[in-house]
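Trainee: Sharing start.cif below, mmCIF, C-alpha atoms:
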```cif
data_start
#
loop_
_atom_site.label_atom_id
_atom_site.label_comp_id
_atom_site.auth_asym_id
_atom_site.auth_seq_id
_atom_site.Cartn_x
_atom_site.Cartn_y
_atom_site.Cartn_z
CA MET A 286 -108.93 11.71 82.61
CA LYS A 287 -110.79 14.08 80.30
CA PHE A 288 -114.14 13.18 78.82
CA LYS A 289 -113.81 13.14 75.04
CA ASP A 290 -116.54 14.59 72.87
CA TYR A 291 -116.41 12.28 69.87
CA TYR A 292 -119.27 14.12 68.17
CA GLU A 293 -117.27 17.32 68.23
CA THR A 294 -114.22 15.51 66.82
CA LEU A 295 -116.22 14.39 63.79
CA GLY A 296 -118.15 17.67 63.59
CA VAL A 297 -121.58 16.00 63.69
CA ALA A 298 -124.63 16.50 65.90
CA ARG A 299 -125.45 14.00 68.62
CA ASP A 300 -128.51 12.86 66.71
CA ALA A 301 -126.63 12.47 63.41
CA SER A 302 -127.72 9.45 61.40
CA PRO A 303 -125.28 6.52 60.97
CA ASP A 304 -124.83 7.56 57.35
CA ASP A 305 -123.94 11.12 58.34
CA VAL A 306 -121.45 9.83 60.91
CA LYS A 307 -119.91 7.53 58.34
CA ARG A 308 -119.64 10.29 55.76
CA ALA A 309 -118.08 12.76 58.21
CA TYR A 310 -115.66 10.10 59.42
CA ARG A 311 -114.59 9.06 55.93
CA LYS A 312 -114.03 12.62 54.79
CA LEU A 313 -111.89 13.51 57.82
CA ALA A 314 -110.06 10.18 57.79
CA ARG A 315 -109.02 10.70 54.16
CA GLN A 316 -108.04 14.27 54.89
CA TYR A 317 -105.82 13.48 57.87
CA HIS A 318 -104.59 9.95 57.21
CA PRO A 319 -100.88 10.17 58.06
CA ASP A 320 -99.93 8.06 55.06
CA VAL A 321 -101.51 10.53 52.66
CA SER A 322 -101.80 13.86 54.50
CA LYS A 323 -99.13 16.52 54.50
CA ALA A 324 -100.52 18.40 57.51
CA THR A 325 -97.97 18.53 60.34
CA ASP A 326 -100.49 17.50 62.98
CA ALA A 327 -102.01 14.83 60.73
CA GLU A 328 -101.00 11.93 62.93
CA ALA A 329 -102.47 13.39 66.13
CA ARG A 330 -105.64 14.54 64.40
CA PHE A 331 -106.05 11.20 62.69
CA LYS A 332 -105.80 9.30 65.96
CA GLU A 333 -108.62 11.39 67.39
CA ILE A 334 -110.73 10.98 64.28
CA SER A 335 -110.11 7.27 64.10
CA GLU A 336 -110.97 6.80 67.76
CA ALA A 337 -114.17 8.84 67.42
CA GLY A 338 -115.06 6.86 64.30
CA GLU A 339 -114.41 3.56 66.02
CA VAL A 340 -116.91 4.43 68.73
CA LEU A 341 -119.57 6.31 66.78
CA ARG A 342 -119.69 3.97 63.77
CA ASP A 343 -120.30 0.94 65.97
CA PRO A 344 -123.96 1.00 67.08
CA GLU A 345 -123.25 -0.79 70.38
CA LYS A 346 -120.32 1.39 71.31
CA ARG A 347 -122.18 4.52 70.26
CA ALA A 348 -125.18 3.58 72.42
CA ALA A 349 -122.95 2.94 75.43
CA TYR A 350 -121.05 6.17 74.86
CA ASP A 351 -124.31 8.12 74.51
CA ALA A 352 -125.65 6.65 77.75
CA LEU A 353 -122.45 7.67 79.48
CA GLY A 354 -122.72 11.18 78.03
CA THR A 355 -126.34 11.55 79.16
CA ARG A 356 -125.47 10.38 82.63
CA ARG A 357 -122.60 12.85 82.76
CA ASP A 358 -124.87 15.69 81.62
CA GLN A 359 -127.33 14.83 84.39
CA GLU A 360 -124.58 14.75 87.00
CA ARG A 361 -123.27 18.06 85.77
CA ALA A 362 -126.73 19.59 85.95
CA ALA A 363 -127.06 18.29 89.51
CA GLY A 364 -123.65 19.80 90.27
CA ARG A 365 -122.14 16.46 91.08
CA ALA A 366 -119.60 16.19 88.27
CA ALA A 367 -116.08 16.83 89.46
CA GLY A 368 -114.78 19.35 86.95
CA GLU A 369 -112.99 17.97 83.93
CA ASP A 370 -112.04 14.76 85.63
CA PHE A 371 -113.88 11.75 84.37
CA GLN A 372 -114.00 8.12 85.48
CA PRO A 373 -116.43 5.63 83.99
CA PRO A 374 -118.78 4.40 86.73
CA PRO A 375 -118.36 0.71 87.62
CA GLY A 376 -120.38 -1.63 85.47
CA TRP A 377 -121.31 1.17 83.06
CA ASP A 378 -120.94 -1.12 80.06
CA ALA A 379 -122.99 -4.03 81.40
CA GLY A 380 -125.40 -5.32 78.83
CA TYR A 381 -123.56 -4.00 75.82
CA GLU A 382 -122.31 -6.42 73.22
CA PHE A 383 -118.64 -5.37 73.27
CA SER A 384 -118.33 -5.93 77.02
CA GLY A 385 -115.73 -8.62 77.67
CA ARG A 386 -115.76 -9.88 74.15
CA GLY A 387 -112.01 -10.28 74.07
CA ASP A 388 -109.88 -9.53 71.09
CA ALA A 389 -111.52 -8.41 67.88
CA ALA A 390 -110.08 -8.77 64.43
CA ASP A 391 -111.22 -5.31 63.43
CA ASP A 392 -109.56 -3.77 66.44
CA GLY A 393 -107.86 -0.39 66.13
CA PHE A 394 -104.20 -0.44 65.25
CA GLY A 395 -101.88 -0.42 68.24
CA ALA A 396 -103.51 -0.19 71.62
CA GLN A 397 -100.96 2.54 72.30
CA ASP A 398 -102.71 4.60 69.62
CA HIS A 399 -105.78 5.05 71.80
CA SER A 400 -106.36 7.74 74.40
CA ASP A 401 -106.64 6.90 78.10
CA PHE A 402 -110.33 7.71 77.77
CA PHE A 403 -110.92 5.19 75.00
CA GLU A 404 -108.72 2.60 76.65
CA ALA A 405 -110.72 2.85 79.89
CA LEU A 406 -114.01 2.41 78.06
CA PHE A 407 -113.38 0.08 75.16
CA GLY A 408 -109.71 -0.84 75.27
CA ARG A 409 -108.18 -4.26 75.40
CA ALA A 410 -107.42 -3.88 79.10
CA ALA A 411 -111.03 -2.94 79.80
CA ARG A 412 -112.18 -5.93 77.80
CA ALA A 413 -109.66 -8.21 79.48
CA GLN A 414 -111.69 -7.79 82.68
CA GLY A 415 -114.40 -9.82 81.07
CA ALA A 416 -112.02 -12.15 79.32
CA ARG A 417 -110.43 -13.16 82.60
CA HIS A 418 -113.49 -15.23 83.37
CA ALA A 419 -113.24 -17.06 80.10
CA SER A 420 -110.98 -20.06 79.80
CA ALA A 421 -109.81 -19.08 76.30
CA ARG A 422 -106.08 -18.86 75.79
CA MET A 423 -105.09 -16.10 73.46
CA PRO A 424 -101.63 -15.02 72.43
CA GLY A 425 -100.86 -11.38 73.26
CA GLN A 426 -101.26 -8.69 70.65
CA ASP A 427 -98.37 -7.47 68.59
CA HIS A 428 -97.60 -3.85 69.28
CA HIS A 429 -96.05 -1.25 67.03
CA ALA A 430 -94.12 1.91 67.79
CA LYS A 431 -91.78 4.30 66.04
CA VAL A 432 -88.32 5.10 67.34
CA LEU A 433 -86.05 7.98 66.37
CA VAL A 434 -82.33 7.29 66.29
CA ASP A 435 -79.29 9.22 65.10
CA LEU A 436 -77.53 8.40 61.86
CA GLU A 437 -74.39 7.73 63.93
CA ASP A 438 -76.27 4.91 65.69
CA ALA A 439 -76.48 3.08 62.36
CA PHE A 440 -72.68 3.27 62.07
CA ARG A 441 -71.74 2.15 65.54
CA GLY A 442 -74.86 0.50 66.92
CA ALA A 443 -76.34 1.98 70.09
CA GLN A 444 -78.49 1.31 73.08
CA ARG A 445 -81.66 3.37 73.37
CA SER A 446 -84.18 3.61 76.18
CA ILE A 447 -87.65 3.55 74.72
CA SER A 448 -90.77 4.56 76.61
CA LEU A 449 -94.01 2.88 75.60
CA ARG A 450 -97.51 3.17 76.88
CA MET A 451 -99.10 -0.24 77.14
CA PRO A 452 -102.61 -1.15 78.24
CA ALA A 453 -102.80 -2.84 81.63
CA LEU A 454 -105.19 -3.24 84.58
CA ASP A 455 -104.79 -1.18 87.76
CA GLU A 456 -105.59 -2.46 91.29
CA GLN A 457 -109.28 -1.66 90.85
CA GLY A 458 -109.34 -3.60 87.62
CA HIS A 459 -109.69 -0.46 85.48
CA GLY A 460 -108.09 -0.38 82.08
CA VAL A 461 -105.20 2.07 82.13
CA LEU A 462 -102.16 2.83 80.03
CA LYS A 463 -98.94 2.02 81.85
CA GLU A 464 -95.61 3.59 81.00
CA ARG A 465 -92.95 1.01 80.32
CA THR A 466 -89.27 1.52 79.53
CA LEU A 467 -87.28 -0.85 77.39
CA ASP A 468 -83.56 -0.83 76.67
CA VAL A 469 -83.17 -1.67 73.02
CA ASN A 470 -79.97 -2.42 71.16
CA ILE A 471 -80.09 -0.59 67.85
CA PRO A 472 -78.08 -2.86 65.54
CA LYS A 473 -75.29 -1.47 63.41
CA GLY A 474 -76.32 -1.12 59.76
CA ILE A 475 -79.97 -0.32 60.46
CA ARG A 476 -81.73 1.77 57.82
CA GLU A 477 -84.56 4.24 57.99
CA GLY A 478 -87.96 2.59 57.60
CA GLN A 479 -86.75 -0.83 58.73
CA HIS A 480 -88.45 -2.58 61.62
CA LEU A 481 -86.98 -4.27 64.67
CA ARG A 482 -88.90 -7.19 66.08
CA LEU A 483 -88.62 -7.68 69.83
CA VAL A 484 -89.90 -11.16 70.43
CA GLY A 485 -92.32 -11.48 73.35
CA GLN A 486 -92.28 -7.75 74.20
CA GLY A 487 -95.79 -6.99 72.94
CA GLY A 488 -99.06 -7.37 74.80
CA PRO A 489 -99.35 -10.10 77.45
CA GLY A 490 -101.14 -13.31 76.51
CA VAL A 491 -104.62 -13.90 77.91
CA GLY A 492 -105.01 -17.14 79.87
CA ASP A 493 -102.47 -19.52 81.39
CA GLY A 494 -99.30 -20.00 79.43
CA ALA A 495 -100.45 -17.97 76.42
CA PRO A 496 -97.42 -16.38 74.78
CA ALA A 497 -96.95 -12.63 74.74
CA GLY A 498 -97.11 -10.78 71.45
CA ASP A 499 -94.14 -9.18 69.74
CA LEU A 500 -93.16 -5.54 69.66
CA PHE A 501 -92.28 -4.00 66.31
CA LEU A 502 -90.26 -0.81 66.27
CA GLU A 503 -90.09 1.23 63.08
CA ILE A 504 -86.79 3.07 62.75
CA ALA A 505 -86.61 6.71 61.69
CA PHE A 506 -83.52 8.93 61.71
CA ASN A 507 -83.24 12.35 63.29
CA PRO A 508 -82.36 14.83 60.53
CA HIS A 509 -78.59 15.21 60.28
CA ARG A 510 -76.73 18.51 60.08
CA LEU A 511 -74.43 17.31 57.28
CA TYR A 512 -75.72 14.20 55.57
CA ARG A 513 -78.85 13.34 53.66
CA VAL A 514 -79.79 9.69 53.72
CA ASP A 515 -81.18 7.55 50.91
CA GLY A 516 -81.36 3.90 51.93
CA ARG A 517 -77.77 3.07 52.83
CA ASP A 518 -76.30 5.91 50.75
CA LEU A 519 -75.36 9.28 52.18
CA TYR A 520 -75.11 12.63 50.43
CA LEU A 521 -72.84 15.47 51.56
CA ASP A 522 -72.67 18.93 50.00
CA LEU A 523 -69.04 20.05 49.82
CA PRO A 524 -68.43 23.75 49.08
CA LEU A 525 -65.33 24.63 47.06
CA ALA A 526 -63.66 27.93 46.25
CA PRO A 527 -63.82 28.75 42.50
CA TRP A 528 -60.07 28.19 42.11
CA GLU A 529 -60.26 24.81 43.87
CA ALA A 530 -62.95 23.71 41.42
CA ALA A 531 -61.11 25.13 38.39
CA LEU A 532 -57.57 24.07 39.17
CA GLY A 533 -58.20 20.94 41.20
CA ALA A 534 -57.29 20.64 44.86
CA SER A 535 -56.88 18.34 47.77
CA VAL A 536 -59.45 19.18 50.45
CA SER A 537 -60.60 17.47 53.59
CA ALA A 538 -64.22 16.37 53.91
CA PRO A 539 -66.12 14.95 56.88
CA THR A 540 -67.48 11.40 56.82
CA PRO A 541 -69.38 9.74 59.68
CA GLU A 542 -66.21 7.77 60.41
CA GLY A 543 -63.86 10.76 60.42
CA GLU A 544 -62.30 13.20 58.00
CA VAL A 545 -60.91 12.06 54.68
CA GLU A 546 -58.64 13.81 52.18
CA LEU A 547 -60.37 14.21 48.80
CA THR A 548 -58.76 14.93 45.45
CA ILE A 549 -60.89 17.37 43.48
CA PRO A 550 -60.23 16.93 39.76
CA PRO A 551 -59.45 20.14 37.81
CA GLY A 552 -62.43 21.63 35.97
CA SER A 553 -65.03 20.30 38.43
CA ALA A 554 -68.46 21.82 37.88
CA ALA A 555 -70.97 22.45 40.65
CA GLY A 556 -73.17 19.40 41.12
CA ARG A 557 -70.41 16.91 40.25
CA LYS A 558 -70.65 13.84 42.48
CA LEU A 559 -67.64 12.05 43.91
CA ARG A 560 -68.45 8.58 45.19
CA LEU A 561 -66.71 7.22 48.27
CA LYS A 562 -67.49 3.56 47.93
CA GLY A 563 -68.53 1.74 51.08
CA ARG A 564 -68.49 4.91 53.22
CA GLY A 565 -72.27 4.94 53.66
CA ILE A 566 -74.24 2.98 56.24
CA PRO A 567 -72.35 -0.26 56.93
CA SER A 568 -73.58 -3.68 55.88
CA ASN A 569 -75.25 -5.98 58.37
CA SER A 570 -75.88 -8.96 56.17
CA ALA A 571 -74.19 -10.71 53.30
CA ALA A 572 -77.16 -9.88 51.07
CA SER A 573 -76.87 -6.12 51.39
CA PRO A 574 -73.51 -4.40 50.91
CA ALA A 575 -72.48 -1.20 52.68
CA GLY A 576 -73.81 2.03 51.21
CA ASP A 577 -71.76 4.73 49.50
CA LEU A 578 -71.08 8.33 50.46
CA TYR A 579 -71.68 10.79 47.64
CA VAL A 580 -69.88 14.11 47.92
CA VAL A 581 -71.79 16.68 45.88
CA LEU A 582 -69.57 19.58 44.86
CA ALA A 583 -70.83 23.13 45.27
CA ILE A 584 -69.00 26.33 44.40
CA ALA A 585 -68.97 29.17 46.93
CA LEU A 586 -68.05 32.67 45.77
CA PRO A 587 -65.84 34.79 47.98
CA PRO A 588 -67.47 38.19 48.62
CA ALA A 589 -66.15 41.20 46.70
CA ASP A 590 -66.12 43.35 49.81
CA THR A 591 -62.60 44.79 49.78
CA ALA A 592 -60.71 46.80 47.19
CA ALA A 593 -58.28 43.91 46.72
CA ALA A 594 -61.07 41.38 46.18
CA LYS A 595 -62.82 43.66 43.67
CA GLN A 596 -59.54 44.17 41.85
CA ALA A 597 -59.03 40.40 41.72
CA TYR A 598 -62.51 39.83 40.23
CA GLN A 599 -61.84 42.50 37.59
CA THR A 600 -58.52 40.92 36.67
CA PHE A 601 -60.28 37.55 36.53
CA ALA A 602 -62.90 38.97 34.13
CA LYS A 603 -60.24 40.45 31.86
CA ALA A 604 -58.20 37.29 31.82
CA CYS A 605 -61.08 35.04 30.77
CA ASP A 606 -63.03 35.60 27.62
CA PHE A 607 -66.05 33.97 29.21
CA ASN A 608 -69.76 34.32 28.48
CA PRO A 609 -71.71 32.12 30.93
CA ARG A 610 -74.89 32.76 28.89
CA ALA A 611 -73.53 31.67 25.52
CA ALA A 612 -75.99 28.79 25.42
CA LEU A 613 -78.96 31.17 25.77
CA GLN A 614 -78.20 33.10 22.58
CA GLY A 615 -80.71 32.83 19.81
CA GLY A 616 -83.53 32.48 22.32
CA THR A 617 -85.29 35.66 21.10
CA PRO A 618 -87.15 35.36 17.81
CA MET B 191 -84.41 -1.81 83.83
CA SER B 192 -82.56 -4.58 82.07
CA HIS B 193 -84.14 -7.05 79.70
CA SER B 194 -82.84 -9.69 77.46
CA PHE B 195 -84.78 -10.57 74.39
CA ALA B 196 -84.10 -11.41 70.79
CA ILE B 197 -84.03 -8.52 68.35
CA ASP B 198 -84.40 -9.17 64.62
CA ILE B 199 -84.31 -6.69 61.81
CA VAL B 200 -87.55 -7.65 60.11
CA GLU B 201 -86.47 -6.61 56.60
CA GLU B 202 -83.17 -8.55 56.83
CA ASP B 203 -83.68 -11.56 59.05
CA VAL B 204 -87.35 -12.39 59.12
CA GLN B 205 -89.79 -14.34 56.98
CA LEU B 206 -93.34 -14.16 58.22
CA THR B 207 -95.92 -16.91 58.09
CA LEU B 208 -99.55 -16.11 57.29
CA GLY B 209 -100.43 -16.28 61.00
CA GLN B 210 -97.56 -14.00 62.01
CA LEU B 211 -98.47 -11.46 59.34
CA CYS B 212 -102.10 -11.51 60.46
CA ARG B 213 -101.09 -10.94 64.05
CA ALA B 214 -98.68 -8.13 63.21
CA THR B 215 -101.24 -6.31 61.06
CA ARG B 216 -104.41 -7.37 62.91
CA ALA B 217 -105.89 -8.33 59.59
CA PRO B 218 -108.08 -11.45 59.35
CA GLU B 219 -106.64 -14.33 57.31
CA GLY B 220 -109.30 -13.90 54.63
CA GLN B 221 -108.18 -10.34 54.13
CA VAL B 222 -104.54 -11.33 53.61
CA HIS B 223 -105.75 -14.03 51.20
CA THR B 224 -107.52 -11.39 49.13
CA TRP B 225 -104.39 -9.22 49.07
CA VAL B 226 -102.33 -12.14 47.81
CA VAL B 227 -104.89 -13.02 45.13
CA GLU B 228 -105.01 -9.37 44.00
CA GLY B 229 -101.21 -9.10 43.99
CA VAL B 230 -100.92 -6.59 46.82
CA LEU B 231 -98.60 -9.03 48.62
CA VAL B 232 -96.45 -11.65 46.92
CA PRO B 233 -95.39 -14.46 49.26
CA GLU B 234 -93.18 -17.41 48.44
CA GLY B 235 -94.74 -20.86 48.70
CA ALA B 236 -97.64 -22.53 46.93
CA THR B 237 -100.33 -22.91 49.59
CA PRO B 238 -101.35 -20.55 52.39
CA ALA B 239 -99.77 -22.90 54.92
CA GLU B 240 -96.47 -22.66 53.03
CA TRP B 241 -96.66 -18.92 52.39
CA ARG B 242 -93.63 -17.00 53.61
CA PHE B 243 -93.76 -13.23 53.41
CA HIS B 244 -90.51 -11.31 53.10
CA GLY B 245 -89.90 -8.94 56.02
CA ALA B 246 -90.41 -5.96 53.71
CA ALA B 247 -94.03 -7.09 53.24
CA LEU B 248 -94.75 -6.10 56.85
CA ARG B 249 -94.80 -2.40 56.07
CA ARG B 250 -96.91 -2.89 52.94
CA ALA B 251 -99.34 -5.15 54.75
CA ARG B 252 -99.66 -2.72 57.65
CA LEU B 253 -100.41 0.10 55.24
CA ALA B 254 -102.93 -2.08 53.41
CA ALA B 255 -104.56 -2.95 56.74
CA THR B 256 -104.87 0.66 57.89
CA LEU B 257 -106.16 1.84 54.52
CA THR B 258 -108.73 -0.96 54.49
CA ARG B 259 -109.86 -0.48 58.05
CA GLU B 260 -109.62 3.24 58.52
CA LEU B 261 -110.48 4.58 55.08
CA GLU B 262 -112.69 1.64 54.06
CA ILE B 263 -110.94 1.39 50.71
CA ASN B 264 -111.58 -1.76 48.66
CA THR B 265 -108.75 -4.04 47.53
CA PRO B 266 -108.08 -2.54 44.06
CA GLY B 267 -108.14 0.89 45.73
CA VAL B 268 -105.65 -0.30 48.35
CA ALA B 269 -103.37 -1.70 45.64
CA LEU B 270 -103.50 1.60 43.78
CA ALA B 271 -102.94 3.68 46.94
CA LEU B 272 -99.93 1.53 47.93
CA ASP B 273 -98.33 1.95 44.52
CA LEU B 274 -98.91 5.70 44.60
CA ILE B 275 -97.59 6.01 48.16
CA GLU B 276 -94.45 4.13 47.18
CA GLU B 277 -94.01 6.33 44.12
CA ILE B 278 -94.38 9.47 46.25
CA GLU B 279 -91.78 8.10 48.66
CA SER B 280 -89.30 7.45 45.89
CA LEU B 281 -89.90 10.96 44.50
CA LYS B 282 -89.34 12.41 47.96
CA ALA B 283 -86.09 10.44 48.26
CA THR B 284 -84.96 11.87 44.91
CA LEU B 285 -85.85 15.38 46.12
CA ARG B 286 -83.82 14.86 49.28
CA ARG B 287 -80.83 13.72 47.22
CA LEU B 288 -81.02 16.78 44.98
CA ARG B 289 -81.79 19.32 47.67
#
```
Represent the supplied structure as structure tokens.
Mentor:
Amino acid sequence: MKFKDYYETLGVARDASPDDVKRAYRKLARQYHPDVSKATDAEARFKEISEAGEVLRDPEKRAAYDALGTRRDQERAAGRAAGEDFQPPPGWDAGYEFSGRGDAADDGFGAQDHSDFFEALFGRAARAQGARHASARMPGQDHHAKVLVDLEDAFRGAQRSISLRMPALDEQGHGVLKERTLDVNIPKGIREGQHLRLVGQGGPGVGDGAPAGDLFLEIAFNPHRLYRVDGRDLYLDLPLAPWEAALGASVSAPTPEGEVELTIPPGSAAGRKLRLKGRGIPSNSAASPAGDLYVVLAIALPPADTAAAKQAYQTFAKACDFNPRAALQGGTP
Amino acid sequence: MSHSFAIDIVEEDVQLTLGQLCRATRAPEGQVHTWVVEGVLVPEGATPAEWRFHGAALRRARLAATLTRELEINTPGVALALDLIEEIESLKATLRRLR
């Protein structure tokens, strides 16, 4: 496990005042909050910032972390520190307020959002060591995770193996994150942004007979090669040749449930939408009907790269008395 | 590994009690109270014991909880941020449709 320099994460000096720490934290948190930031690494950065803030803004945790850092510096100076690898010494947190205090209402979001380093020092598993002595019964925490599925899964339903890192205690009683695999049935009709609740699959309860928490999985779709998704509705761009759009045609178009034959009305302009009712994401409850598939027409021009094609374009131009810019006339004063 | 457990789609099948919402968002009851009073969340039911939150409130409440805790935004600020975030999402959805 790597020692984390929380001061570096927040860009403050070790002797920074609580106000300076708070200011630095707030500024970075606003900048990288995944719900507001557009940066691609926002989520990862935010987790680090939030973890550093959680430790350095809490006087007790900061004091314990500082003591640990000082001790580590001394060991390094004495040549006793084993490279990058770091393990908190046993009983390092004795005497600090957070030690064994059990669950806290202002806890960080999912325990799985914390690093191994944090989890070993301040995590729920680390705290559970203390809580084991207490007789309090506490239901397990609810956990949250995101899961990526394919659009096709929403049409047919699917089973997905999901790996989660959950806090647990190892044989020495250290708080660690354990990998856990769950087989989850993705129900047909699921939409992006919806949540699945897996009852009793969250954190274990503390104390005899305390129920486990629930696991919430937020669904997101992998981007699809053909379809754009809006709720239950799908959008497909369908390219047409100019003559198909002008004269009307019968063309085949893909849908997630197989090809269909589409009648293109004569005189179809680019951007025209044809609605295939009920061909979007299927319904999974009486309250919400199946979505629709919108076919958005586009017009593709054949290249004028042969003598015959050029000739055809010239004939076309002669045959039509057509000024595509008629509507722009009178634009100059 | 094989497991058997109940799976609900929160937004379709689930109504959350105050206690369940607090657990799922790790927000103290008093905090959820304030959100209801300020109109951030709109449960059915007259008294807190009878409150039932629609499944779709989970996402809103989780956002409210993270904004409160991590950005230290006050309740009117949270309400404003939630409305703006939802507006941005609907604009993004429109962009995706038109792309």
Trainee: CA of Gly354 (chain A) and CA of Lys287 (chain A), how far apart in Å?
Mentor: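 Computing it gives 12.5 Å between the two atoms.
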Trainee: Taking all atoms listed in the file into account, report as an MDAnalysis selection string which residues of chain A lie within 7 Å of chain B.
Mentor: chainID A and resid 311 314:315 335 390 426:427 468 479:484 513 515 520
Trainee: Within 8 Å of Tyr317 (chain A), counting only C-alpha atoms, which residues qualify if same-chain residues fewer than 6 places away don't, as an MDAnalysis selection string?
Mentor: chainID A and resid 324 327:328 330:331
Trainee: Grab the CA of Glu279 (chain B) to CA of Leu433 (chain A) distance for me, in Å with one decimal place.
Mentor: 18.6 Å
Trainee: Please, which residues are within 12 Å of (-77.0, 17.7, 60.2) by the file's coordinates, counting all atoms listed in the file, and could they come as JSON, numbers by chain?
Mentor: {"A": [435, 436, 437, 506, 507, 508, 509, 510, 511, 512, 513, 514, 519, 520, 521, 522, 539, 540, 541]}
Trainee: Give me the result of the PyMOL selection byres ((chain A and resi 498) around 9) on this file, residue by residue, as a list of chain:residue names.
Mentor: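 Applied to this file, the PyMOL selection byres ((chain A and resi 498) around 9) selects A:Pro424, A:Gly425, A:Gln426, A:Asp427, A:His428, A:Val484, A:Gly485, A:Gln486, A:Gly487, A:Gly488, A:Pro489, A:Gly490, A:Pro496, A:Ala497, A:Asp499, A:Leu500, B:Arg213, B:Ala214.
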Trainee: Those same residues, written as a CSV table (one decimal), in the frame of the given file with C-alpha atoms?
Mentor:
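Resulting contents of part_31.csv:
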```csv
chain,number,residue,atom,x,y,z
A,424,PRO,CA,-101.6,-15.0,72.4
A,425,GLY,CA,-100.9,-11.4,73.3
A,426,GLN,CA,-101.3,-8.7,70.6
A,427,ASP,CA,-98.4,-7.5,68.6
A,428,HIS,CA,-97.6,-3.8,69.3
A,484,VAL,CA,-89.9,-11.2,70.4
A,485,GLY,CA,-92.3,-11.5,73.4
A,486,GLN,CA,-92.3,-7.8,74.2
A,487,GLY,CA,-95.8,-7.0,72.9
A,488,GLY,CA,-99.1,-7.4,74.8
A,489,PRO,CA,-99.4,-10.1,77.4
A,490,GLY,CA,-101.1,-13.3,76.5
A,496,PRO,CA,-97.4,-16.4,74.8
A,497,ALA,CA,-97.0,-12.6,74.7
A,499,ASP,CA,-94.1,-9.2,69.7
A,500,LEU,CA,-93.2,-5.5,69.7
B,213,ARG,CA,-101.1,-10.9,64.0
B,214,ALA,CA,-98.7,-8.1,63.2
```
Trainee: Quick one: residues within 8 Å of Ala526 (chain A), only C-alpha atoms, excluding same-chain residues fewer than 6 positions away - as a short mmCIF file (atom, residue, chain, number, x, y, z; two decimals) with C-alpha atoms, in the coordinates of the input?
Mentor:
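Listed below is the output, around.cif:
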```
data_model
loop_
_atom_site.label_atom_id
_atom_site.label_comp_id
_atom_site.auth_asym_id
_atom_site.auth_seq_id
_atom_site.Cartn_x
_atom_site.Cartn_y
_atom_site.Cartn_z
CA ILE A 584 -69.00 26.33 44.40
CA ALA A 585 -68.97 29.17 46.93
CA LEU A 586 -68.05 32.67 45.77
CA PRO A 587 -65.84 34.79 47.98
#
```
Trainee: What does the structure give for the distance between CA of Gly296 (chain A) and CA of Asn264 (chain B), in Å to one decimal?
Mentor: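 A separation of 25.4 Å between them.
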